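Peer 1: Below is the file protein_3.pdb, with PDB, C-alpha atoms.
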```pdb
ATOM      1  CA  MET C   1      84.898  87.696  90.112
ATOM      2  CA  ILE C   2      81.609  89.126  88.845
ATOM      3  CA  ILE C   3      79.631  86.516  90.800
ATOM      4  CA  ILE C   4      81.552  87.291  93.994
ATOM      5  CA  ALA C   5      80.923  91.024  93.474
ATOM      6  CA  ILE C   6      77.178  90.431  93.083
ATOM      7  CA  ILE C   7      76.988  88.239  96.185
ATOM      8  CA  SER C   8      78.982  90.614  98.386
ATOM      9  CA  HIS C   9      77.630  93.853  96.821
ATOM     10  CA  HIS C  10      81.170  95.000  96.034
ATOM     11  CA  SER C  11      82.408  97.351  93.327
ATOM     12  CA  LEU C  12      84.420  96.391  90.263
ATOM     13  CA  ARG C  13      87.031  98.433  88.428
ATOM     14  CA  GLN C  14      88.982  97.560  85.283
ATOM     15  CA  ILE C  15      92.441  98.871  84.431
ATOM     16  CA  ASP C  16      94.753  98.490  81.451
ATOM     17  CA  PHE C  17      98.542  98.423  81.737
ATOM     18  CA  VAL C  18      99.842 100.746  79.033
ATOM     19  CA  MET C  19     102.559  98.972  76.997
ATOM     20  CA  ALA C  20     102.695  96.408  79.785
ATOM     21  CA  TYR C  21     105.901  94.542  78.907
ATOM     22  CA  THR C  22     107.971  97.642  78.222
ATOM     23  CA  GLN C  23     107.294  99.041  81.698
ATOM     24  CA  ALA C  24     109.561  96.415  83.254
ATOM     25  CA  PRO C  25     113.311  97.159  83.221
ATOM     26  CA  ILE C  26     115.412  94.997  80.941
ATOM     27  CA  GLU C  27     116.917  91.987  82.704
ATOM     28  CA  THR C  28     120.373  92.069  81.118
ATOM     29  CA  ASP C  29     122.254  93.653  78.224
ATOM     30  CA  LEU C  30     120.550  92.538  75.015
ATOM     31  CA  TYR C  31     121.290  93.368  71.393
ATOM     32  CA  MET C  32     119.442  92.778  68.142
ATOM     33  CA  GLU C  33     120.209  92.984  64.444
ATOM     34  CA  ILE C  34     119.034  96.075  62.632
ATOM     35  CA  PRO C  35     115.555  95.288  61.234
ATOM     36  CA  HIS C  36     115.105  94.954  57.496
ATOM     37  CA  GLY C  37     114.151  98.249  55.865
ATOM     38  CA  ILE C  38     116.106 100.538  58.192
ATOM     39  CA  GLU C  39     118.972 102.335  56.484
ATOM     40  CA  ILE C  40     122.091 103.764  58.084
ATOM     41  CA  THR C  41     124.236 106.633  56.828
ATOM     42  CA  GLU C  42     127.574 104.849  57.089
ATOM     43  CA  GLY C  43     128.684 101.264  56.563
ATOM     44  CA  ASN C  44     126.607  98.099  56.273
ATOM     45  CA  THR C  45     123.651  97.279  58.482
ATOM     46  CA  LYS C  46     125.243  93.901  59.259
ATOM     47  CA  ASP C  47     128.159  95.716  60.910
ATOM     48  CA  TYR C  48     125.913  97.245  63.585
ATOM     49  CA  LEU C  49     123.660  96.043  66.404
ATOM     50  CA  LEU C  50     120.923  97.789  68.342
ATOM     51  CA  GLN C  51     121.011  97.705  72.146
ATOM     52  CA  LEU C  52     117.625  97.137  73.741
ATOM     53  CA  LEU C  53     116.692  99.687  76.373
ATOM     54  CA  ALA C  54     113.351  98.168  77.381
ATOM     55  CA  ASN C  55     111.777  94.761  78.019
ATOM     56  CA  ILE C  56     110.080  94.434  74.623
ATOM     57  CA  TYR C  57     107.540  91.934  73.336
ATOM     58  CA  GLY C  58     108.956  88.891  71.575
ATOM     59  CA  GLN C  59     111.711  87.987  74.015
ATOM     60  CA  LYS C  60     111.458  84.506  75.509
ATOM     61  CA  GLN C  61     111.829  85.913  79.006
ATOM     62  CA  ALA C  62     109.692  89.043  78.472
ATOM     63  CA  GLY C  63     106.593  87.626  80.160
ATOM     64  CA  ARG C  64     108.518  86.375  83.188
ATOM     65  CA  VAL C  65     110.418  89.666  83.598
ATOM     66  CA  ARG C  66     107.214  91.671  83.389
ATOM     67  CA  ASP C  67     105.423  89.366  85.830
ATOM     68  CA  GLN C  68     108.229  89.636  88.404
ATOM     69  CA  TYR C  69     108.181  93.419  88.041
ATOM     70  CA  LEU C  70     104.408  93.587  88.541
ATOM     71  CA  VAL C  71     104.524  91.266  91.568
ATOM     72  CA  SER C  72     107.190  93.420  93.211
ATOM     73  CA  LYS C  73     105.130  96.571  92.694
ATOM     74  CA  LEU C  74     101.944  94.968  94.059
ATOM     75  CA  GLU C  75     103.787  93.560  97.098
ATOM     76  CA  SER C  76     105.256  97.001  97.793
ATOM     77  CA  ILE C  77     101.751  98.360  98.411
ATOM     78  CA  GLY C  78     100.614  95.418 100.523
ATOM     79  CA  PHE C  79      99.160  92.886  98.073
ATOM     80  CA  THR C  80      99.737  89.150  98.565
ATOM     81  CA  GLN C  81      99.814  86.679  95.680
ATOM     82  CA  SER C  82      97.362  83.782  95.768
ATOM     83  CA  ARG C  83      98.841  80.326  96.340
ATOM     84  CA  ILE C  84      96.110  78.798  94.132
ATOM     85  CA  ASP C  85      96.160  81.137  91.143
ATOM     86  CA  GLU C  86      99.208  83.333  90.500
ATOM     87  CA  CYS C  87      97.042  85.872  88.661
ATOM     88  CA  VAL C  88      95.038  86.667  91.836
ATOM     89  CA  TYR C  89      96.193  89.072  94.549
ATOM     90  CA  TYR C  90      94.689  90.080  97.909
ATOM     91  CA  ARG C  91      94.944  93.069 100.227
ATOM     92  CA  ASP C  92      92.532  93.242 103.138
ATOM     93  CA  ASP C  93      89.082  93.196 101.483
ATOM     94  CA  ILE C  94      90.380  93.909  97.946
ATOM     95  CA  ILE C  95      90.961  91.321  95.209
ATOM     96  CA  PHE C  96      92.990  92.069  92.086
ATOM     97  CA  ILE C  97      93.029  89.758  89.036
ATOM     98  CA  VAL C  98      95.551  90.151  86.194
ATOM     99  CA  TYR C  99      95.000  88.926  82.630
ATOM    100  CA  VAL C 100      98.104  89.767  80.550
ATOM    101  CA  ASP C 101      97.827  93.565  80.293
ATOM    102  CA  ASP C 102      94.351  93.912  81.804
ATOM    103  CA  GLY C 103      93.299  93.824  85.428
ATOM    104  CA  ILE C 104      90.114  93.901  87.502
ATOM    105  CA  PHE C 105      89.787  95.129  91.071
ATOM    106  CA  LEU C 106      87.058  94.054  93.479
ATOM    107  CA  GLY C 107      86.501  96.129  96.580
ATOM    108  CA  ALA C 108      83.940  97.462  99.012
ATOM    109  CA  SER C 109      83.539 100.836  97.281
ATOM    110  CA  ASP C 110      84.609 102.839  94.234
ATOM    111  CA  ASP C 111      86.482 105.303  96.443
ATOM    112  CA  GLN C 112      88.537 102.453  97.899
ATOM    113  CA  LEU C 113      89.427 101.187  94.432
ATOM    114  CA  SER C 114      90.271 104.682  93.209
ATOM    115  CA  HIS C 115      92.753 104.998  96.078
ATOM    116  CA  VAL C 116      94.394 101.674  95.183
ATOM    117  CA  ILE C 117      94.680 102.673  91.514
ATOM    118  CA  LYS C 118      96.383 105.903  92.602
ATOM    119  CA  GLU C 119      98.815 103.858  94.691
ATOM    120  CA  LEU C 120      99.733 101.794  91.633
ATOM    121  CA  THR C 121     100.386 104.981  89.699
ATOM    122  CA  ASP C 122     102.522 106.360  92.522
ATOM    123  CA  VAL C 123     104.830 103.324  92.491
ATOM    124  CA  GLY C 124     105.596 103.870  88.809
ATOM    125  CA  LEU C 125     103.072 101.721  86.934
ATOM    126  CA  GLN C 126     101.516 103.330  83.861
ATOM    127  CA  ILE C 127      97.864 102.315  83.892
ATOM    128  CA  GLU C 128      94.597 103.458  82.358
ATOM    129  CA  ASP C 129      91.492 103.442  84.520
ATOM    130  CA  GLN C 130      88.718 101.979  82.365
ATOM    131  CA  SER C 131      85.998 102.213  85.001
ATOM    132  CA  HIS C 132      83.490  99.360  85.264
ATOM    133  CA  PRO C 133      84.575  96.243  83.316
ATOM    134  CA  ALA C 134      81.852  96.355  80.675
ATOM    135  CA  ASP C 135      84.247  95.126  77.960
ATOM    136  CA  CYS C 136      86.903  93.080  79.705
ATOM    137  CA  VAL C 137      89.288  91.407  77.239
ATOM    138  CA  ARG C 138      86.765  92.003  74.409
ATOM    139  CA  VAL C 139      84.027  89.887  75.962
ATOM    140  CA  ASN C 140      80.359  91.845  75.777
ATOM    141  CA  ILE C 141      81.610  67.882  60.847
ATOM    142  CA  LYS C 142      82.750  64.956  59.607
ATOM    143  CA  ARG C 143      85.966  63.941  57.805
ATOM    144  CA  LEU C 144      85.697  64.756  54.102
ATOM    145  CA  PRO C 145      87.630  63.409  51.093
ATOM    146  CA  ASP C 146      90.682  65.367  49.954
ATOM    147  CA  ASP C 147      89.301  65.934  46.444
ATOM    148  CA  LEU C 148      86.867  68.597  47.645
ATOM    149  CA  PRO C 149      87.290  72.139  46.295
ATOM    150  CA  PRO C 150      89.991  73.999  48.284
ATOM    151  CA  PHE C 151      89.235  76.918  50.540
ATOM    152  CA  GLN C 152      89.471  80.062  48.378
ATOM    153  CA  GLU C 153      87.761  82.778  50.391
ATOM    154  CA  GLU C 154      89.400  86.177  50.819
ATOM    155  CA  TRP C 155      89.353  85.942  54.621
ATOM    156  CA  ASN C 156      91.850  83.938  56.667
ATOM    157  CA  TYR C 157      90.490  80.591  57.864
ATOM    158  CA  ARG C 158      92.725  80.225  60.912
ATOM    159  CA  SER C 159      92.072  83.785  62.011
ATOM    160  CA  ALA C 160      88.309  83.212  61.824
ATOM    161  CA  VAL C 161      88.615  79.972  63.820
ATOM    162  CA  GLY C 162      90.666  81.785  66.457
ATOM    163  CA  LYS C 163      88.031  84.492  66.837
ATOM    164  CA  LEU C 164      85.212  81.946  67.048
ATOM    165  CA  ASN C 165      87.172  79.908  69.585
ATOM    166  CA  TYR C 166      87.628  83.023  71.716
ATOM    167  CA  LEU C 167      83.899  83.747  71.591
ATOM    168  CA  GLY C 168      83.085  80.144  72.463
ATOM    169  CA  GLN C 169      85.376  80.133  75.495
ATOM    170  CA  THR C 170      84.348  83.520  76.880
ATOM    171  CA  SER C 171      80.674  84.093  76.170
ATOM    172  CA  GLY C 172      79.296  81.545  73.665
ATOM    173  CA  PRO C 173      79.050  77.978  74.956
ATOM    174  CA  ASP C 174      76.445  77.342  72.253
ATOM    175  CA  ILE C 175      79.067  77.556  69.472
ATOM    176  CA  GLN C 176      81.950  75.776  71.201
ATOM    177  CA  TYR C 177      81.164  72.332  69.768
ATOM    178  CA  THR C 178      80.812  73.532  66.180
ATOM    179  CA  THR C 179      83.879  75.754  66.500
ATOM    180  CA  HIS C 180      85.929  72.785  67.674
ATOM    181  CA  MET C 181      84.790  70.797  64.636
ATOM    182  CA  VAL C 182      85.865  73.431  62.077
ATOM    183  CA  ALA C 183      89.134  74.026  63.958
ATOM    184  CA  LYS C 184      90.210  70.446  63.166
ATOM    185  CA  TYR C 185      90.716  71.418  59.523
ATOM    186  CA  SER C 186      92.776  74.587  60.039
ATOM    187  CA  SER C 187      95.873  73.059  58.422
ATOM    188  CA  ASN C 188      94.080  72.172  55.165
ATOM    189  CA  PRO C 189      90.592  73.685  54.974
ATOM    190  CA  LYS C 190      88.225  72.963  52.111
ATOM    191  CA  GLN C 191      85.378  74.953  50.628
ATOM    192  CA  GLU C 192      82.769  73.216  52.792
ATOM    193  CA  HIS C 193      84.711  74.097  55.933
ATOM    194  CA  GLY C 194      84.620  77.761  54.949
ATOM    195  CA  GLN C 195      80.864  77.425  54.421
ATOM    196  CA  ALA C 196      80.530  75.942  57.905
ATOM    197  CA  ILE C 197      82.269  79.004  59.387
ATOM    198  CA  SER C 198      79.911  81.237  57.404
ATOM    199  CA  TYR C 199      76.941  79.382  58.948
ATOM    200  CA  ILE C 200      78.331  80.005  62.432
ATOM    201  CA  VAL C 201      78.896  83.692  61.705
ATOM    202  CA  ARG C 202      75.356  84.105  60.367
ATOM    203  CA  TYR C 203      74.047  82.456  63.517
ATOM    204  CA  LEU C 204      76.075  84.905  65.623
ATOM    205  CA  ILE C 205      74.726  87.878  63.667
ATOM    206  CA  LYS C 206      71.142  86.772  64.277
ATOM    207  CA  SER C 207      71.800  86.120  67.967
ATOM    208  CA  CYS C 208      74.068  89.106  68.673
ATOM    209  CA  ASN C 209      71.584  90.497  71.218
ATOM    210  CA  LEU C 210      71.707  87.298  73.288
ATOM    211  CA  GLY C 211      74.218  86.554  76.021
ATOM    212  CA  LEU C 212      74.851  84.693  79.245
ATOM    213  CA  HIS C 213      72.258  85.511  81.886
ATOM    214  CA  PHE C 214      73.517  85.456  85.468
ATOM    215  CA  ASN C 215      70.456  84.413  87.483
ATOM    216  CA  LEU C 216      72.136  84.587  90.878
ATOM    217  CA  ASP C 217      71.161  82.119  93.573
ATOM    218  CA  ALA C 218      73.587  82.457  96.499
ATOM    219  CA  SER C 219      72.111  79.378  98.170
ATOM    220  CA  LYS C 220      73.629  77.159  95.488
ATOM    221  CA  SER C 221      77.259  76.141  95.470
ATOM    222  CA  ILE C 222      79.242  74.531  92.638
ATOM    223  CA  TYR C 223      77.233  72.474  90.157
ATOM    224  CA  CYS C 224      79.041  70.423  87.525
ATOM    225  CA  TYR C 225      77.095  68.777  84.707
ATOM    226  CA  ALA C 226      79.173  66.233  82.763
ATOM    227  CA  VAL C 227      78.136  64.397  79.594
ATOM    228  CA  THR C 228      79.870  62.007  77.176
ATOM    229  CA  ASP C 229      79.216  61.167  73.534
ATOM    230  CA  TYR C 230      80.705  57.687  73.097
ATOM    231  CA  ILE C 231      82.098  57.510  69.512
ATOM    232  CA  GLY C 232      79.054  59.398  68.262
ATOM    233  CA  GLU C 233      81.219  60.950  65.556
ATOM    234  CA  TRP C 234      82.570  57.613  64.257
ATOM    235  CA  ASN C 235      82.059  57.032  60.540
ATOM    236  CA  LYS C 236      83.184  53.767  58.946
ATOM    237  CA  ASP C 237      83.676  55.486  55.577
ATOM    238  CA  PHE C 238      86.350  57.827  56.976
ATOM    239  CA  ALA C 239      87.684  55.842  59.936
ATOM    240  CA  GLU C 240      90.908  54.921  58.144
ATOM    241  CA  LEU C 241      91.510  58.546  57.157
ATOM    242  CA  ASP C 242      90.514  60.094  60.476
ATOM    243  CA  PRO C 243      90.981  57.822  63.528
ATOM    244  CA  SER C 244      89.805  60.641  65.819
ATOM    245  CA  THR C 245      86.206  59.841  64.828
ATOM    246  CA  ALA C 246      86.485  56.828  67.174
ATOM    247  CA  LYS C 247      87.331  59.027  70.156
ATOM    248  CA  PRO C 248      84.583  59.934  72.656
ATOM    249  CA  ARG C 249      83.689  63.581  73.171
ATOM    250  CA  SER C 250      83.607  65.049  76.665
ATOM    251  CA  GLY C 251      81.456  67.965  77.668
ATOM    252  CA  TRP C 252      80.924  69.663  80.997
ATOM    253  CA  PHE C 253      79.293  72.794  82.353
ATOM    254  CA  ILE C 254      80.199  74.278  85.743
ATOM    255  CA  LEU C 255      78.069  76.813  87.609
ATOM    256  CA  TYR C 256      78.671  78.715  90.823
ATOM    257  CA  ALA C 257      75.724  80.340  92.601
ATOM    258  CA  ASN C 258      73.626  79.290  89.579
ATOM    259  CA  CYS C 259      75.893  81.314  87.243
ATOM    260  CA  PRO C 260      78.009  79.755  84.459
ATOM    261  CA  VAL C 261      81.732  79.740  85.191
ATOM    262  CA  ILE C 262      83.390  77.135  82.929
ATOM    263  CA  TRP C 263      82.136  75.132  79.967
ATOM    264  CA  CYS C 264      84.020  72.806  77.653
ATOM    265  CA  SER C 265      83.515  70.465  74.683
ATOM    266  CA  ARG C 266      86.533  68.427  73.543
ATOM    267  CA  LEU C 267      87.598  65.059  72.191
ATOM    268  CA  GLN C 268      89.147  62.696  74.698
ATOM    269  CA  PRO C 269      92.876  62.070  74.176
ATOM    270  CA  GLN C 270      92.472  58.333  73.549
ATOM    271  CA  VAL C 271      89.968  55.756  72.280
ATOM    272  CA  ALA C 272      87.895  54.391  75.175
ATOM    273  CA  LEU C 273      87.206  50.659  75.162
ATOM    274  CA  SER C 274      83.881  50.992  76.994
ATOM    275  CA  THR C 275      81.199  53.543  77.791
ATOM    276  CA  MET C 276      82.161  53.254  81.468
ATOM    277  CA  LYS C 277      85.746  54.315  80.734
ATOM    278  CA  ALA C 278      84.600  57.192  78.515
ATOM    279  CA  GLU C 279      82.235  58.470  81.214
ATOM    280  CA  PHE C 280      84.896  58.139  83.904
ATOM    281  CA  ILE C 281      87.371  60.161  81.819
ATOM    282  CA  THR C 282      84.800  62.920  81.353
ATOM    283  CA  LEU C 283      84.035  62.998  85.059
ATOM    284  CA  SER C 284      87.745  63.167  85.848
ATOM    285  CA  GLN C 285      88.353  65.990  83.359
ATOM    286  CA  ALA C 286      85.423  67.975  84.730
ATOM    287  CA  LEU C 287      86.604  67.614  88.323
ATOM    288  CA  CYS C 288      90.027  68.885  87.291
ATOM    289  CA  ASP C 289      88.253  72.208  86.728
ATOM    290  CA  VAL C 290      86.041  71.964  89.827
ATOM    291  CA  ILE C 291      88.800  71.300  92.381
ATOM    292  CA  PRO C 292      90.828  74.518  91.712
ATOM    293  CA  ILE C 293      87.605  76.560  91.918
ATOM    294  CA  MET C 294      86.865  75.013  95.312
ATOM    295  CA  ALA C 295      90.390  75.798  96.512
ATOM    296  CA  LEU C 296      90.190  79.397  95.276
ATOM    297  CA  LEU C 297      86.810  79.940  96.969
ATOM    298  CA  GLU C 298      88.232  78.455 100.162
ATOM    299  CA  GLU C 299      91.147  80.884  99.967
ATOM    300  CA  MET C 300      88.828  83.836  99.355
ATOM    301  CA  SER C 301      86.690  82.753 102.298
ATOM    302  CA  GLY C 302      89.808  82.851 104.459
ATOM    303  CA  CYS C 303      90.317  86.442 103.329
ATOM    304  CA  HIS C 304      86.876  87.319 104.779
ATOM    305  CA  PHE C 305      84.960  87.492 101.500
ATOM    306  CA  GLN C 306      81.339  86.418 101.465
ATOM    307  CA  ILE C 307      81.315  83.002  99.812
ATOM    308  CA  SER C 308      78.231  80.832  99.420
ATOM    309  CA  CYS C 309      78.284  77.147 100.330
ATOM    310  CA  LYS C 310      81.632  75.669  99.292
ATOM    311  CA  ALA C 311      80.613  71.996  99.180
ATOM    312  CA  PRO C 312      80.274  70.977  95.505
ATOM    313  CA  ARG C 313      77.394  69.001  94.076
ATOM    314  CA  ILE C 314      78.513  66.968  91.091
ATOM    315  CA  TYR C 315      76.125  65.634  88.499
ATOM    316  CA  CYS C 316      77.061  63.310  85.640
ATOM    317  CA  LYS C 317      74.472  63.184  82.872
ATOM    318  CA  VAL C 318      75.077  60.321  80.430
ATOM    319  CA  PHE C 319      73.501  58.927  77.275
ATOM    320  CA  GLU C 320      73.011  55.458  78.737
ATOM    321  CA  ASP C 321      73.300  53.639  82.041
ATOM    322  CA  ASN C 322      76.836  54.171  83.340
ATOM    323  CA  SER C 323      76.484  53.580  87.041
ATOM    324  CA  GLU C 324      79.830  51.745  86.841
ATOM    325  CA  ALA C 325      81.644  55.006  86.106
ATOM    326  CA  LEU C 326      79.980  56.723  89.058
ATOM    327  CA  GLU C 327      80.775  53.800  91.346
ATOM    328  CA  LEU C 328      84.377  53.775  90.171
ATOM    329  CA  GLY C 329      84.647  57.479  90.909
ATOM    330  CA  ARG C 330      83.408  56.929  94.474
ATOM    331  CA  LEU C 331      85.988  54.302  95.381
ATOM    332  CA  PRO C 332      88.245  55.660  98.149
ATOM    333  CA  LYS C 333      91.322  53.978  96.692
ATOM    334  CA  LEU C 334      91.086  56.245  93.635
TER     335      LEU C 334
END
```
Let's see the structure in the file written out as structure tokens.

Peer 2:
Amino acid sequence: MIIIAIISHHSLRQIDFVMAYTQAPIETDLYMEIPHGIEITEGNTKDYLLQLLANIYGQKQAGRVRDQYLVSKLESIGFTQSRIDECVYYRDDIIFIVYVDDGIFLGASDDQLSHVIKELTDVGLQIEDQSHPADCVRVNIKRLPDDLPPFQEEWNYRSAVGKLNYLGQTSGPDIQYTTHMVAKYSSNPKQEHGQAISYIVRYLIKSCNLGLHFNLDASKSIYCYAVTDYIGEWNKDFAELDPSTAKPRSGWFILYANCPVIWCSRLQPQVALSTMKAEFITLSQALCDVIPIMALLEEMSGCHFQISCKAPRIYCKVFEDNSEALELGRLPKL
């Protein structure tokens, strides 16, 4: 969205849906037990039930009910839902993207977006205009023996891994590999795993002024760099305890108009019997991200948005000669 706005010189506006789920009407009559800690003046709490008056968080159907409600409101003011990504909506030369309870508008001018936001308010949606999206959704090791000292820090290991994983996926591709390694031990972390997280945090503190630099080049289309580490993490001393060390690791980096869009570092789901197979799996996984981007850009182009060249250029960078994987990927029958 940001890249498209830069290319087309459009404005961006971020909104927040206040208590998003509770804005949708409840789907059917629902009741709940009285929560622990609430006292009543007469009788036993087990003799009473509370009737829900709003679509609250925690229901299995809450997300679906809220999504249907939001879609109906957007369609009532002329928006059309994307066939490629259900979180994207179009109206004339305006694009609206929803992420849970946050949204971003792209339009020709701020006045145009202000008018659309007013329309959303007029149809009954409670929203907060947060102006330019400077802070959208909060974005600005080996296997060890079990006799190691247990993790005894005061902070929560899983919570720290979750925060690091969020940073790695949104704005820190440089920590994604190391974050994935410490995440493997979330169920039973040891002292050394906690130290590894501390190293990552200290690195983040020292590099807090660094970020992703969007060096826009509208002449470039989609570039995908794919790389495979074929059992580089395998260790014969721990292979019986941790078979995942024999799995290859896939990594890919996708750019659009010379700006980073998607990056990933993950273990492949199975053990590859050859470097060719490992490279082919990585290439396939990377293209699974490229193809939807191509389709979405094609759809946006059909809505008269300025899109740079849509033909992708795919690069596969490997550790050794794997021309077999590239040749296999080119075969028409596949």

Peer 1: Record the distance separating CA of Ala246 in chain C and CA of Gln176 in chain C, expressed in Å with one decimal.

Peer 2: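 Between CA of Ala246 in chain C and CA of Gln176 in chain C the gap works out to 19.9 Å.
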
Peer 1: Do you know which residues the PyMOL selection byres ((chain C and resi 270) around 12) returns on this file, as an MDAnalysis selection string?

Peer 2: chainID C and resid 230:231 243:250 266:269 271:274 277:278 281:282

Peer 1: List every protein, DNA or RNA residue that has at least one atom no more than 12 Å from (103.8, 98.9, 78.6) in the file's coordinates, counting only C-alpha atoms, and write the result as a list in words.

Peer 2: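 Residues satisfying the cut-off, written out: Asp16, Phe17, Val18, Met19, Ala20, Tyr21, Thr22, Gln23, Ala24, Pro25, Ala54, Asn55, Ile56, Tyr57, Ala62, Gly63, Arg66, Tyr69, Leu70, Val100, Asp101, Asp102, Gly124, Leu125, Gln126, Ile127 and Glu128 of chain C.
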
Peer 1: Let me make sure I understand: among C:Val227, C:Ile307, C:Ile34, C:Leu328, which one has the smallest atom-to-atom distance to Ala286 in chain C if we use all atoms listed in the file?

Peer 2: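 Among the listed residues, C:Val227 lies closest to Ala286 in chain C.
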
Peer 1: What's the separation between CA of Met276 in chain C and CA of Met294 in chain C, in Å to one decimal place?

Peer 2: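 Value for the CA of Met276 in chain C-CA of Met294 in chain C distance: 26.2 Å.
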
Peer 1: Taking the file as I've supplied it (selection: the PyMOL selection byres ((chain C and resi 222) around 7)), which residues are included? Please answer as a list of chain:residue names.

Peer 2: C:Lys220, C:Ser221, C:Tyr223, C:Cys224, C:Ile254, C:Leu255, C:Tyr256, C:Ala257, C:Pro312, C:Arg313

Peer 1: Measuring atom to atom with only C-alpha atoms, identify which of C:Pro149, C:Gly103, C:Pro173, C:Gly194 is nearest to His132 in chain C.

Peer 2: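 Between C:Pro149, C:Gly103, C:Pro173, C:Gly194, the residue approaching His132 in chain C most closely is C:Gly103.
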
Peer 1: Grab the CA of Asp67 in chain C to CA of Tyr89 in chain C distance for me, in Å with one decimal place.

Peer 2: 12.7 Å

Peer 1: Find the residue from C:Thr228, C:His180, C:Lys236, C:Met300 that sits nearest to Thr275 in chain C; use all atoms listed in the file when measuring.

Peer 2: C:Thr228

Peer 1: Mind working out the centre and edge lengths of an axis-aligned box for range 59-73 of chain C, all listed atoms inside, 4 Å added to each side, rounded to one decimal in Å and written as lines of an AutoDock Vina configuration file?

Peer 2:
```
center_x = 108.1
center_y = 90.5
center_z = 83.6
size_x = 15.4
size_y = 20.1
size_z = 27.2
```

Peer 1: Quick one: of C:Glu27, C:Lys46, C:Leu210, C:Ile84, who's nearest to Arg64 in chain C, counting all atoms listed in the file?

Peer 2: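 Using all atoms listed in the file, the shortest distance to Arg64 in chain C belongs to C:Glu27.
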
Peer 1: Which is closest to Leu164 in chain C among C:Tyr203, C:Phe253, C:Val98, C:Pro133, if we use only C-alpha atoms?

Peer 2: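 Ranked by minimum distance to Leu164 in chain C, first place goes to C:Tyr203.
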
Peer 1: Go through C:Tyr166, C:Phe214, C:Phe105, C:Tyr177 one by one, measure the shortest atom-to-atom distance of each to Ile6 in chain C using all atoms listed in the file, and give the residue with the smallest value.

Peer 2: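 The shortest atom-to-atom distance to Ile6 in chain C comes from C:Phe214.
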
Peer 1: Using all atoms listed in the file, what residues lie at most 12 Å away from (116.2, 94.8, 62.6) (file coordinates), given as a list in words?

Peer 2: Tyr31, Met32, Glu33, Ile34, Pro35, His36, Gly37, Ile38, Glu39, Ile40, Thr45, Lys46, Tyr48, Leu49, Leu50, Gln51 and Leu52 of chain C

Peer 1: Those same residues - C-alpha atoms - I'd like them written as a short mmCIF file (atom, residue, chain, number, x, y, z; two decimals), in the frame of the given file.

Peer 2:
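Once everything was written out, this is again.cif:
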```
data_model
loop_
_atom_site.label_atom_id
_atom_site.label_comp_id
_atom_site.auth_asym_id
_atom_site.auth_seq_id
_atom_site.Cartn_x
_atom_site.Cartn_y
_atom_site.Cartn_z
CA TYR C 31 121.29 93.37 71.39
CA MET C 32 119.44 92.78 68.14
CA GLU C 33 120.21 92.98 64.44
CA ILE C 34 119.03 96.08 62.63
CA PRO C 35 115.56 95.29 61.23
CA HIS C 36 115.10 94.95 57.50
CA GLY C 37 114.15 98.25 55.86
CA ILE C 38 116.11 100.54 58.19
CA GLU C 39 118.97 102.34 56.48
CA ILE C 40 122.09 103.76 58.08
CA THR C 45 123.65 97.28 58.48
CA LYS C 46 125.24 93.90 59.26
CA TYR C 48 125.91 97.24 63.58
CA LEU C 49 123.66 96.04 66.40
CA LEU C 50 120.92 97.79 68.34
CA GLN C 51 121.01 97.70 72.15
CA LEU C 52 117.62 97.14 73.74
#
```

Peer 1: Near Val71 in chain C, counting all atoms listed in the file, which residues have an atom at most 10 Å away, once you skip same-chain residues fewer than 3 positions from it, shown as a tab-separated table (two decimals) with C-alpha atoms, in the frame of the given file?

Peer 2:
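Resulting contents of selection_2.tsv:
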```tsv
chain	number	residue	atom	x	y	z
C	66	ARG	CA	107.21	91.67	83.39
C	67	ASP	CA	105.42	89.37	85.83
C	68	GLN	CA	108.23	89.64	88.40
C	74	LEU	CA	101.94	94.97	94.06
C	75	GLU	CA	103.79	93.56	97.10
C	76	SER	CA	105.26	97.00	97.79
C	79	PHE	CA	99.16	92.89	98.07
C	80	THR	CA	99.74	89.15	98.56
C	81	GLN	CA	99.81	86.68	95.68
C	86	GLU	CA	99.21	83.33	90.50
C	87	CYS	CA	97.04	85.87	88.66
C	89	TYR	CA	96.19	89.07	94.55
```

Peer 1: Please provide the set of residues having any atom within 12 Å of Ser187 in chain C, restricted to all atoms listed in the file, with same-chain residues fewer than 6 positions apart removed, written as an NGL selection string.

Peer 2: :C and (150-151 or 156-159 or 161 or 193)

Peer 1: Name every residue that the PyMOL selection byres ((chain C and resi 198) around 12) selects in this structure, writing the answer as a list of chain:residue names with chains first and numbers rising.

Peer 2: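 Evaluating the PyMOL selection byres ((chain C and resi 198) around 12) on this file yields C:Glu153, C:Trp155, C:Tyr157, C:Ala160, C:Val161, C:Leu164, C:Thr178, C:Thr179, C:Val182, C:Gln191, C:Glu192, C:His193, C:Gly194, C:Gln195, C:Ala196, C:Ile197, C:Tyr199, C:Ile200, C:Val201, C:Arg202, C:Tyr203, C:Leu204, C:Ile205.
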